[in-house]
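Chemist: Take a look at this one; I'll ask things after.
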Number of protein chains: 2
Amino acid sequence: MIFDENSCPVTATMKVLGGKWKAILINAIYHTSPARFGELRRSVKGITQSMLTSQLRELEDDGIINRKIYAEIPPRVEYTLTEFGLTLSPIILSMADWGKQYKLKKKKQD
Amino acid sequence: MIFDENSCPVTATMKVLGGKWKAILINAIYHTSPARFGELRRSVKGITQSMLTSQLRELEDDGIINRKIYAEIPPRVEYTLTEFGLTLSPIILSMADWGKQYKLKKKKQD
DNA sequence: CGGGATCCCTAAGGATACTG
DNA sequence: CAGTATCCTTAGGGATCCCG
């Protein structure tokens, strides 16, 4: 069997939620919907403004999240998962599950 | 709610199957078990020997795959998923599923 | 408040040659 | 056959400053 990087659907998924921040951002928006920009910046520990902006844009381009702008002063922007983004939740939730098991396993090794 | 990079189980999972090759390698070994080194090098298109070696080592260190060495000439090494590695299959399979939907969606956008 | 623009640096990834 | 060992390139990520 041939596993081509460009045709592999698993790799396609990894491109969408890969990198250091996307999975955690999807998870955060999933639990904090709607989520404001500053709210995410505070709750997602360690992320910089520029990374938060760029990752949110890429998620938006991929159809995972919605960006709703309110014409107010001061400005307000709210992020929510799209319907398509919600189809990721089984993956995110099972990843969260597995991550917990993995941490337990790691502790035993020490 | 606080989402800490170091405590987030989703991030922990991403560290295990993140990067360019690990998810596709797990998928490949899942479908080609036991998988020999050269076999993987041929079937996983585009991967180099050094990347294949390093990624397999990291997966082994994480307890995802087994590495069985046969004391033969010429040498033979077989890789299989561990029991713990098999617990990843729901994630991998749902990622494969989702990736297909994502590709369909992308095509429509063009 | 929610960004954009710019510059910078490390680490992930890749190419090549050699070996038990 | 299944790797090591080196060297090299790039892009992911980060810091800082500026703006409507």
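Going through the structure tokens in order, the chains are called A, B, and so on, while each chain numbers its residues from 1 and the ligands are numbered from 1 in the order shown.
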List as number ranges by chain the protein and nucleic acid residues near D:DC17, meaning an atom at most 12 Å away when only C-alpha atoms (C1' of nucleotides) are counted, but skip any in the same chain fewer than 4 places from it.

Modeler: C: 4-7

Chemist: Generate a file of the selected residues that holds C-alpha atoms (C1' of nucleotides), formatted as a PDB file, in the first residue's frame.

Modeler:
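Result file is result.pdb:
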ATOM      1  C1'  DG C   4      -0.922  44.665  11.471  1.00  0.00           C
ATOM      2  C1'  DA C   5       3.957  45.067  10.203  1.00  0.00           C
ATOM      3  C1'  DT C   6       8.553  43.999  10.916  1.00  0.00           C
ATOM      4  C1'  DC C   7      12.532  41.687  12.382  1.00  0.00           C
TER       5       DC C   7
END

Chemist: Show me, as a list in words, the residues of chain A whose atoms get within 8 Å of chain D, using only C-alpha atoms (C1' of nucleotides) for the distance check.

Modeler: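 Within 8 Å of chain D on chain A, we get Gly19, Thr48 and Met51 of chain A.
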
Chemist: Between A:Val77, A:Ala12, A:Val44, A:Leu104, which has the minimum distance to chain C (counting only C-alpha atoms (C1' of nucleotides))?

Modeler: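 Nearest candidate to chain C out of A:Val77, A:Ala12, A:Val44, A:Leu104: A:Val77.
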
Chemist: Please identify all polymer residues within 10 Å of B:Ile2, counting only C-alpha atoms (C1' of nucleotides), omitting same-chain residues fewer than 6 positions from it, and present them as a ChimeraX atom specification.

Modeler: /A:28,39-40,42-45 /B:8

Chemist: Quick one: which residues from chain C are at most 8 Å off chain A, using only C-alpha atoms (C1' of nucleotides), as a short mmCIF file (atom, residue, chain, number, x, y, z; two decimals) with N, CA and C atoms (P, O5', C5', C4', C3', O3' and C1' of nucleotides), in the first residue's frame?

Modeler:
data_model
loop_
_atom_site.label_atom_id
_atom_site.label_comp_id
_atom_site.auth_asym_id
_atom_site.auth_seq_id
_atom_site.Cartn_x
_atom_site.Cartn_y
_atom_site.Cartn_z
P DC C 1 -9.27 46.47 26.77
"O5'" DC C 1 -9.75 46.13 25.30
"C5'" DC C 1 -11.15 46.15 25.07
"C4'" DC C 1 -11.32 45.86 23.60
"C3'" DC C 1 -10.64 44.55 23.20
"O3'" DC C 1 -11.58 43.81 22.41
"C1'" DC C 1 -9.79 46.37 21.88
P DG C 2 -11.37 42.28 22.01
"O5'" DG C 2 -10.66 42.38 20.58
"C5'" DG C 2 -11.34 43.06 19.55
"C4'" DG C 2 -10.41 43.28 18.39
"C3'" DG C 2 -9.61 42.02 17.97
"O3'" DG C 2 -9.60 41.92 16.55
"C1'" DG C 2 -8.16 43.80 18.32
P DG C 3 -9.19 40.54 15.85
"O5'" DG C 3 -7.61 40.38 16.12
"C5'" DG C 3 -6.70 40.46 15.05
"C4'" DG C 3 -6.43 41.91 14.70
"C3'" DG C 3 -5.25 42.10 13.76
"O3'" DG C 3 -5.69 42.06 12.42
"C1'" DG C 3 -5.29 43.73 15.52
#

Chemist: With a distance threshold of 10 Å and counting only C-alpha atoms, extract the residues of chain B near chain A and express them as number ranges by chain.

Modeler: B: 1-28, 31-32, 39-40, 42-47, 62-63, 84, 87-88, 90-103, 105-106

Chemist: List every residue of chain A that DSSP, applied to the backbone of this structure, assigns to alpha helix (DSSP H), and report them as an NGL selection string.

Modeler: :A and (9-17 or 22-31 or 37-43 or 49-61 or 83-86 or 89-109)

Chemist: Could you save the residues just selected, with C-alpha atoms, as a short mmCIF file (atom, residue, chain, number, x, y, z; two decimals), in the first residue's frame?

Modeler:
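Writing done, so here's part.cif:
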data_model
loop_
_atom_site.label_atom_id
_atom_site.label_comp_id
_atom_site.auth_asym_id
_atom_site.auth_seq_id
_atom_site.Cartn_x
_atom_site.Cartn_y
_atom_site.Cartn_z
CA PRO A 9 -6.39 12.23 4.58
CA VAL A 10 -4.68 11.89 7.96
CA THR A 11 -1.99 14.31 6.83
CA ALA A 12 -4.67 16.68 5.53
CA THR A 13 -6.23 16.73 8.98
CA MET A 14 -2.86 17.31 10.60
CA LYS A 15 -2.34 20.34 8.41
CA VAL A 16 -5.56 21.84 9.74
CA LEU A 17 -5.00 21.20 13.44
CA LYS A 22 -4.45 25.19 16.68
CA ALA A 23 -5.71 22.15 18.55
CA ILE A 24 -5.66 23.99 21.86
CA LEU A 25 -7.42 26.95 20.26
CA ILE A 26 -10.17 24.80 18.82
CA ASN A 27 -10.52 23.18 22.22
CA ALA A 28 -10.65 26.57 23.90
CA ILE A 29 -13.27 27.96 21.54
CA TYR A 30 -15.24 24.75 21.88
CA HIS A 31 -15.45 25.31 25.64
CA PHE A 37 -9.92 37.83 21.19
CA GLY A 38 -8.64 39.21 24.48
CA GLU A 39 -10.37 36.42 26.33
CA LEU A 40 -8.50 33.83 24.31
CA ARG A 41 -5.23 35.69 24.73
CA ARG A 42 -5.64 35.52 28.49
CA SER A 43 -6.94 31.97 28.76
CA GLN A 49 -0.88 38.26 20.00
CA SER A 50 0.61 37.69 16.58
CA MET A 51 0.36 33.90 16.86
CA LEU A 52 -3.20 34.16 18.10
CA THR A 53 -4.12 36.34 15.15
CA SER A 54 -2.42 34.21 12.52
CA GLN A 55 -3.74 30.91 13.84
CA LEU A 56 -7.28 32.24 14.10
CA ARG A 57 -7.03 33.47 10.51
CA GLU A 58 -5.87 30.11 9.26
CA LEU A 59 -8.66 28.34 11.12
CA GLU A 60 -11.10 30.80 9.60
CA ASP A 61 -9.71 30.18 6.12
CA GLU A 83 -20.85 23.68 11.81
CA PHE A 84 -17.95 22.15 9.97
CA GLY A 85 -15.64 23.02 12.84
CA LEU A 86 -17.96 21.20 15.20
CA SER A 89 -15.10 17.77 18.19
CA PRO A 90 -15.07 13.96 18.23
CA ILE A 91 -11.40 14.12 17.27
CA ILE A 92 -10.58 16.82 19.78
CA LEU A 93 -12.42 15.05 22.58
CA SER A 94 -10.83 11.68 21.87
CA MET A 95 -7.47 13.40 21.69
CA ALA A 96 -8.10 14.94 25.10
CA ASP A 97 -9.02 11.52 26.42
CA TRP A 98 -5.97 9.88 25.00
CA GLY A 99 -3.69 12.66 26.22
CA LYS A 100 -4.79 11.96 29.78
CA GLN A 101 -3.95 8.26 29.46
CA TYR A 102 -0.61 9.18 27.96
CA LYS A 103 0.25 11.41 30.89
CA LEU A 104 -0.59 8.65 33.35
CA LYS A 105 1.67 6.31 31.43
CA LYS A 106 4.49 8.83 31.43
CA LYS A 107 4.28 9.27 35.18
CA LYS A 108 4.72 5.54 35.74
CA GLN A 109 7.89 5.59 33.65
#
